[in-house]
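Let me begin by presenting the structure, written as structure tokens, before commenting on it.
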Amino acid sequence: MKEKYTMNLNIDDLLAFIYYARLNKIKLTKRDLFAVCFTKSFSEIKLFLRTLEECGVKIGVTSYEHIIPLIDNIEDCRSVLNYLIEISTKDKTALNSCYRQLVLLSNSQGDVNKIFEETKELGLQLNEVWREKWKDKASLNSGFVDVRTMYLHHHVEDFIQKYQEYYNQVLNFDIPNLKSKIANMDADTKHSPKIIKSYLRNKYVKQFAREVSMGNCQLCESRAPFEDSFGTPFLEVHHIEWLSRGGKDDIENVIALCPNCHRKMHIVDQEEDVTKLKRRAIELALVE
């Protein structure tokens with residue numbers, strides 16, 4: 001089963017959640033930007049920001065004020081500065097923040113002096129005390145840690161709450177938990193009042209079939225052909241006795257199959273395959 005949730009999220013965790021939020025219409029806001037504290041490099045920061053933008057979060061110039069203190073490479077910082085100058089020179093706060101970070105990342109007094117000249121050309125003004133700050137690399141390195149820690153403890157509560165709900169719904173299923181949820185729901189197959197008949201299915205029954213399969217097709221016994229965007233082996237859940245034939249939506253009548261075998265069961269529906277799947281479903285239903 002999946003590993004238990006910890007605060008040590010990585011970029012894959014962030015992206016998986018963001019895509020999940022988009023698919024399930026979970027509203028993300030600029031405040032969720034503070035989850036950038038879980039990234040480990042500027043390339044991860046860029047990927048995180050781009051994915052947030054794809055999901056409808058507007059990353060404006062002011063948002064970069066929270067990003068800049070996390071940049072630990074002078075070329076990356078210069079890249080952000082050029083981008084900010086390109087899109088707007090009106091937001092002096094973000095530009096000043098970027099220039100201060102450039103000073104901190106500089107390796108010589110000459111480089112710092114050039115930075116001060118640049119700021120004057122843009123009508124900005126850095127306090128003179130910043131001319132000497134590039135020398136204190138120990139404070140710079142501890143500053144990266146301090147900023148991440150501050151974001152983690154004071155600014156990501158909303159994001160963590162959303163992630164926790166996602167974790168509980170998608171990642172934190174174990175077999176006893178699933179069986180308990182199934183038992184607490186009405187497992188009888190229902191028909192929705194539509195002209196075209198459709199079936200309302202117990203989502204926990206479906207999840208159970210996938211979990212106990214351990215990522216393997218229960219007919220051909222091959223590994224799932226690929227993983228979805230959450231890193232989960234892709235298998236389709238099949239009702240051995242079809243719902244349209246009166247089959248029940250319970251754990252003894254569902255099985256996880258690869259897409260190829262699923263098509264086979266709906267087109268060929270060989271008796272020997274049905275018998276094999278029935279026997280396997282009963283075995284899996286006993287898993288604890």
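Chain labels follow the order of the structure tokens: the first chain is A, the next B, and so on; residue numbering restarts at 1 in every chain, and ligands are counted from 1 in their shown order.
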Query raised in the report: If you run DSSP on this backbone, which residues of range 51-287 of chain A come out as strand (DSSP E or B), and could you give them as a ChimeraX atom specification?
Result: /A:190-191,199-200,216,223,227,233,236-239,254-257
Requested in this report: Calculate how many Å separate CA of Gln207 in chain A from CA of Thr51 in chain A, rounding to one decimal.
Outcome: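 We find that CA of Gln207 in chain A and CA of Thr51 in chain A lie 27.0 Å from each other.
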Query raised in the report: What does the distance between CA of Ser88 in chain A and CA of Leu122 in chain A come to in Å, to one decimal place?
Result: 11.3 Å
Requested in this report: Could you please write out, as number ranges by chain, every residue of range 12-208 of chain A that DSSP assigns to helix (DSSP H, G or I)?
Outcome: A: 12-23, 30-38, 42-54, 61-70, 74-87, 92-105, 109-121, 128-135, 137-154, 157-171, 175-183, 203-208
**Report entry** Shell of 8 Å around Tyr99 in chain A, only C-alpha atoms, local chain residues under 6 positions omitted, as a ChimeraX atom specification
**Finding:** /A:81,115,119
Query raised in the report: Pick from A:Val36, A:Leu15, A:Ile45, A:Ala138: nearest to Tyr151 in chain A, with only C-alpha atoms counted?
Result: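 Closest to Tyr151 in chain A of all the choices is A:Val36.
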**Report entry** Contacts of Ser222 in chain A at 12 Å (only C-alpha atoms; same-chain gap of 2+ positions) as a PyMOL selection string
**Finding:** chain A and resi 213-220+224-226+233-235+256-261
Can you spit out the residues from that selection as a compact mmCIF listing (two decimals), in the first residue's frame, using C-alpha atoms?
```txt
# COMPACT_ATOMS: atom_id res chain seq x y z
CA SER A 213 -4.28 -6.36 -7.33
CA MET A 214 -0.86 -4.96 -6.35
CA GLY A 215 -0.56 -3.45 -9.83
CA ASN A 216 -1.04 -6.74 -11.71
CA CYS A 217 -3.79 -7.77 -14.13
CA GLN A 218 -5.75 -10.58 -12.51
CA LEU A 219 -6.41 -12.37 -15.81
CA CYS A 220 -3.16 -12.37 -17.82
CA ALA A 224 -0.11 -2.82 -15.49
CA PRO A 225 0.93 -1.37 -18.88
CA PHE A 226 1.72 2.09 -17.47
CA PRO A 233 -0.39 1.31 -11.93
CA PHE A 234 -3.21 1.76 -14.44
CA LEU A 235 -5.76 -1.04 -14.24
CA ALA A 256 -8.66 -5.33 -11.69
CA LEU A 257 -7.66 -5.96 -15.30
CA CYS A 258 -5.30 -4.44 -17.83
CA PRO A 259 -7.17 -2.57 -20.61
CA ASN A 260 -6.55 -5.39 -23.08
CA CYS A 261 -8.02 -8.11 -20.85
```
What lies within 12 Å of Thr149 in chain A using only C-alpha atoms, ignoring chain neighbours under 6 positions off, as a compact mmCIF listing (two decimals) with N, CA, C and O atoms, in the first residue's frame?
```
# COMPACT_ATOMS: atom_id res chain seq x y z
N MET A 7 5.40 15.34 6.31
CA MET A 7 5.56 16.72 5.89
C MET A 7 6.67 16.85 4.85
O MET A 7 6.87 17.92 4.30
N PHE A 34 3.00 29.35 -1.38
CA PHE A 34 3.98 29.16 -0.31
C PHE A 34 4.44 27.70 -0.21
O PHE A 34 5.45 27.42 0.44
N ALA A 35 3.72 26.79 -0.84
CA ALA A 35 4.16 25.40 -0.86
C ALA A 35 5.47 25.26 -1.64
O ALA A 35 6.06 24.19 -1.67
N VAL A 36 5.92 26.35 -2.25
CA VAL A 36 7.22 26.37 -2.91
C VAL A 36 8.33 26.01 -1.93
O VAL A 36 9.43 25.60 -2.34
N CYS A 37 8.06 26.12 -0.63
CA CYS A 37 9.07 25.78 0.37
C CYS A 37 9.46 24.31 0.32
O CYS A 37 10.49 23.92 0.86
N PHE A 38 8.64 23.48 -0.36
CA PHE A 38 8.96 22.06 -0.46
C PHE A 38 9.87 21.74 -1.66
O PHE A 38 10.32 20.61 -1.81
N LEU A 70 14.39 32.24 -2.13
CA LEU A 70 14.73 30.82 -2.19
C LEU A 70 15.74 30.50 -3.28
O LEU A 70 16.21 29.37 -3.39
N SER A 142 22.10 30.10 5.80
CA SER A 142 21.11 29.90 6.86
C SER A 142 19.80 30.60 6.51
O SER A 142 18.72 30.18 6.92
N GLY A 143 19.92 31.68 5.71
CA GLY A 143 18.72 32.41 5.30
C GLY A 143 17.79 31.58 4.44
O GLY A 143 16.57 31.66 4.57
N HIS A 155 2.77 29.73 6.68
CA HIS A 155 2.07 30.13 5.46
C HIS A 155 1.46 28.99 4.64
O HIS A 155 0.80 29.27 3.64
N VAL A 156 1.69 27.74 5.00
CA VAL A 156 1.20 26.65 4.15
C VAL A 156 0.06 25.86 4.79
O VAL A 156 -0.27 24.77 4.34
```
Query raised in the report: So which residues touch Thr29 in chain A within 10 Å, counting only C-alpha atoms, skipping near sequence neighbours fewer than 4 positions away, as a PyMOL selection string?
Result: chain A and resi 33+52+55-59+158-159
Query raised in the report: Neighbours of His238 in chain A within 9 Å (only C-alpha atoms; same-chain residues fewer than 6 positions away dropped), as a list in words?
Result: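 Within the cut-off, the hits are Lys206, Ala209, Asn253, Val254, Ile255, Ala256, Leu257, His262 and Met265 of chain A.
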Query - Atom-to-atom span, CA of Asn96 in chain A and CA of Ser139 in chain A, Å - result: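 For CA of Asn96 in chain A relative to CA of Ser139 in chain A, the distance reads 19.3 Å.
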